[in-house]
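Colleague: This is the structure, below, for whatever I ask next.
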Amino acid sequence: MLQSFKISEKTRHYLDLEEQYGAHNYHPLPVVLDRGEGVFLYDVDGKRYYDFLSGYSAVNQGHCHPILVQALIDQAQKLTLTSRAFHNDVLGEYAAFITNYFGYDKVLPMNTGVEAVETALKLTRRWGYVVKGIPENKAKIIVCANNFHGRTLNVISFSTDPGSRTDFGPFMPGYEVIPYNNLPALEKALQDKNVAGFLLEPIQGEAGVVVPDEGYLSKARQYCEDAQVLFIADEIQTGLARTGKMLACDHENVHPDILILGKALSGGLLPVAAVLANDEIMLTIKPGEHGSTYGGNPLACKVAIAALTVLKTEKMAENAAAMGELLRTELAALASPHIGTIRGKGLLNAIVINHPNPEAAWDLCLTLKENGLLAKPTHGDKIRFAPPLLITAAQVMESVEIIGKSLEIL
């Protein structure tokens with residue numbers, strides 16, 4: 001049975017400030033953090049925690065990675081923003097670096113993940129009209145049920161989560177929702193000649209780390225190619241070494257027509273996102289037709305170069321693959337009756353809680369917090385386990401020990 005946990009006066013002070021002056025659009029765990037280093041977070045009372053959320057996979061490189069922080073400081077002392085009204089000496093360097101890194105002709109830099117998703121959707125529609133020849137205002141984009149691509153009005157128009165949609169209508173037309181990991185449904189939807197693109201997450205993160213069947217991505221990519229439809233991969237959460245490969249699509253050697261990146265593109269230091277595509281797609285948008293004041297700012301560009309460099313030089317994809325395997329093996333070895341399912345790739349993992357109490361996952365996360373590990377439930381009974389990618393085997397073992405001890409309260 002869950003015991004009641006004492007909250008310090010200092011923590012209560014910060015919680016009360018947020019409650020009084022901040023919008024109530026999140027329900028965080030009752031912990032107030034003031035420092036991070038590597039795989040650890042520290043609260044205002046000095047207590048240390050393993051971070052098993054990593055800012056929803058934005059902190060792949062670890063908290064306050066010294067190389068990233070130094071890149072930020074150096075650039076912040078020199079030039080931070082020019083807007084795109086003028087050139088700066090970092091954007092071109094960054095554009096060359098990231099396009100070569102992932103194998104595309106062009107990059108369109110944005111700030112937040114959902115801005116990059118919106119950019120990709122605009123590119124897809126424009127390409128559909130200009131290149132494919134879809135009749136005006138008839139373009140359609142296929143998406144998957146239980147998707148999560150962000151919170152803007154356009155993006156929630158094709159969400160299937162009632163919590164994202166209720167009382168926010170009317171919604172944007174032009175989307176068809178099909179089941180995830182269902183090739184016959186995709187094949188049928190692609191028969192419509194007005195389909196311009198298929199947008200998906202290679203692994204559905206927010207849905208609870210739903211991993212599709214092996215071969216799904218490669219076959220879906222081929223179906224799209226056969227139908228002259230763009231294959232658009234939202235790798236904001238799954239990309240940048242999180243799943244044990246640089247991109248989750250790499251597990252099946254799939255090269256998306258449009259690649260969407262964000263989160264760990266800055267290692268958690270500031271919002272940086274990117275859309276990558278080849279010229280046939282990217283050059284359909286002309287000057288003045290899309291942009292962002294902060295997109296491509298020199299500070300973001302310099303940090304992103306450092307963030308991408310560190311992923312390779314420190315072999316974070318390889319470590320994610322090995323440590324993810326260890327984590328899943330050790331979680332299974334707990335043999336807890338309260339863990340119904342363990343799933344994931346690399347260090348993007350989730351457990352499904354098996355318990356009659358619908359609040360069991362939340363209660364477990366509160367106990368994990370007390371025992372020195374931070375994780376958060378998603379969709380009620382699922383808990384994501386996604387630590388920074390530099391976690392060691394000894395740290396994985398200690399974390400699993402904390403999880404095992406915490407499960408005893410259920």
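Each chain in the structure tokens gets a letter, A, B, ..., in the order shown, and its residues are numbered from 1; ligands are numbered from 1 in order too.
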When you look at Val59 in chain A with a cut-off of 6 Å (counting only C-alpha atoms), what residues show up, excluding the ones that are within fewer than 2 positions of it in the same chain? I need them as a PyMOL selection string.
Modeller: chain A and resi 54-55+57+61-62+264+267-268
Colleague: Write out as a list of chain:residue names the residues lying within 8 Å of Lys132 in chain A, counting only C-alpha atoms and excluding same-chain residues fewer than 4 positions away.
Modeller: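 Selected residues are A:Trp127, A:Gly128, A:Ala196, A:Gln228.
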Colleague: What's around Val114 in chain A at 9 Å? Count only C-alpha atoms, leave out sequence neighbours fewer than 6 positions away in its own chain, and write the answer as a list in words.
Modeller: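 The residues that qualify are His149, Gly150, Arg151, Thr152, Val155, Gly262 and Ala273 of chain A.
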Colleague: Between CA of Ile142 in chain A and CA of Gly291 in chain A, what is the distance in Å, rounded to a tenth?
Modeller: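 That distance, rounded to one decimal, is 24.4 Å.
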Colleague: Pick out the residues sitting within 9 Å of Thr80 in chain A, and hand them over as a ChimeraX atom specification; count only C-alpha atoms, and ignore anything fewer than 6 positions along from it in its own chain.
Modeller: /A:297-300
Colleague: Could you give me, as number ranges by chain, each residue of range 137-321 of chain A that DSSP assigns to alpha helix (DSSP H) when run on this structure's backbone?
Modeller: A: 153-156, 162-165, 183-189, 216-226, 279-282, 298-313, 316-321
Colleague: Next, dump the selected residues to file, keeping only C-alpha atoms, as a tab-separated table (two decimals), in the first residue's frame.
Modeller:
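Listing of again_4.tsv after writing:
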chain	number	residue	atom	x	y	z
A	153	LEU	CA	-4.38	22.77	-33.53
A	154	ASN	CA	-3.45	21.25	-36.89
A	155	VAL	CA	-1.59	18.33	-35.32
A	156	ILE	CA	-4.31	17.47	-32.79
A	162	PRO	CA	-9.58	12.48	-26.46
A	163	GLY	CA	-7.48	14.41	-23.94
A	164	SER	CA	-5.77	16.23	-26.80
A	165	ARG	CA	-8.94	16.99	-28.79
A	183	LEU	CA	0.13	-2.89	-43.69
A	184	PRO	CA	-3.22	-3.88	-45.29
A	185	ALA	CA	-4.79	-0.69	-43.90
A	186	LEU	CA	-1.95	1.37	-45.37
A	187	GLU	CA	-2.18	-0.41	-48.71
A	188	LYS	CA	-5.90	0.37	-48.89
A	189	ALA	CA	-5.46	4.03	-47.91
A	216	TYR	CA	6.68	-2.93	-41.07
A	217	LEU	CA	8.77	0.18	-41.74
A	218	SER	CA	10.56	-1.19	-44.80
A	219	LYS	CA	7.35	-2.51	-46.36
A	220	ALA	CA	5.48	0.72	-45.58
A	221	ARG	CA	8.32	2.66	-47.20
A	222	GLN	CA	8.07	0.49	-50.33
A	223	TYR	CA	4.28	0.83	-50.48
A	224	CYS	CA	4.66	4.62	-50.35
A	225	GLU	CA	7.29	4.62	-53.08
A	226	ASP	CA	5.10	2.46	-55.33
A	279	ASP	CA	15.64	19.18	-53.34
A	280	GLU	CA	12.55	17.86	-55.14
A	281	ILE	CA	10.63	18.29	-51.88
A	282	MET	CA	12.41	21.11	-50.07
A	298	PRO	CA	23.59	30.69	-34.56
A	299	LEU	CA	23.29	29.58	-30.93
A	300	ALA	CA	21.04	26.64	-31.84
A	301	CYS	CA	23.18	25.71	-34.84
A	302	LYS	CA	26.42	25.62	-32.86
A	303	VAL	CA	24.89	23.54	-30.07
A	304	ALA	CA	23.29	21.13	-32.55
A	305	ILE	CA	26.64	20.49	-34.26
A	306	ALA	CA	28.14	19.67	-30.86
A	307	ALA	CA	25.16	17.50	-29.89
A	308	LEU	CA	25.37	15.43	-33.07
A	309	THR	CA	29.16	15.15	-32.84
A	310	VAL	CA	29.05	13.85	-29.26
A	311	LEU	CA	26.53	11.14	-30.19
A	312	LYS	CA	29.09	9.65	-32.57
A	313	THR	CA	32.37	10.30	-30.77
A	316	MET	CA	26.00	6.59	-27.69
A	317	ALA	CA	23.97	4.50	-30.12
A	318	GLU	CA	26.13	1.48	-29.39
A	319	ASN	CA	25.82	2.06	-25.65
A	320	ALA	CA	22.05	2.51	-25.94
A	321	ALA	CA	21.77	-0.85	-27.72
Colleague: Got a sec: who's within 12 Å of Lys245 in chain A, counting only C-alpha atoms, leaving out chain neighbours fewer than 2 positions off, as a count of residues only?
Modeller: 31
Colleague: Measuring atom to atom with only C-alpha atoms, identify which of A:His63, A:His87, A:Arg328, A:Arg35 is nearest to Lys47 in chain A.
Modeller: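 Of A:His63, A:His87, A:Arg328, A:Arg35, the one nearest Lys47 in chain A is A:Arg35, counting only C-alpha atoms.
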Colleague: Residues near Pro377 in chain A, anyone? I mean within 9 Å using only C-alpha atoms, not counting same-chain ones fewer than 3 positions away, as an NGL selection string.
Modeller: :A and (208 or 361-362 or 365 or 380-384)
Colleague: Using C-alpha atoms, can you write the selected residues to a file as a PDB file, in the first residue's frame?
Modeller:
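Listed below is the output, out.pdb:
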ATOM      1  CA  GLY A 208       3.669   3.621 -24.460  1.00  0.00           C
ATOM      2  CA  ALA A 361       1.541   3.308 -12.248  1.00  0.00           C
ATOM      3  CA  TRP A 362       1.341   6.775 -10.693  1.00  0.00           C
ATOM      4  CA  CYS A 365       6.365   6.482  -9.866  1.00  0.00           C
ATOM      5  CA  GLY A 380      -2.480   5.332 -17.277  1.00  0.00           C
ATOM      6  CA  ASP A 381      -0.820   1.946 -16.895  1.00  0.00           C
ATOM      7  CA  LYS A 382       2.455   2.404 -18.799  1.00  0.00           C
ATOM      8  CA  ILE A 383       5.761   3.751 -17.495  1.00  0.00           C
ATOM      9  CA  ARG A 384       8.512   4.823 -19.859  1.00  0.00           C
TER      10      ARG A 384
END
Colleague: Please, which residues of range 71-131 of chain A, numbered as in this document, come out strand (DSSP E or B) from DSSP, as a list of chain:residue names?
Modeller: A:Lys106, A:Val107, A:Leu108, A:Pro109, A:Met110
Colleague: Can I get the selection written as a PDB file, in the first residue's frame, with C-alpha atoms?
Modeller:
ATOM      1  CA  LYS A 106      18.635  20.319 -47.631  1.00  0.00           C
ATOM      2  CA  VAL A 107      17.629  21.153 -44.061  1.00  0.00           C
ATOM      3  CA  LEU A 108      14.931  23.560 -42.899  1.00  0.00           C
ATOM      4  CA  PRO A 109      15.741  24.595 -39.308  1.00  0.00           C
ATOM      5  CA  MET A 110      12.989  25.154 -36.740  1.00  0.00           C
TER       6      MET A 110
END
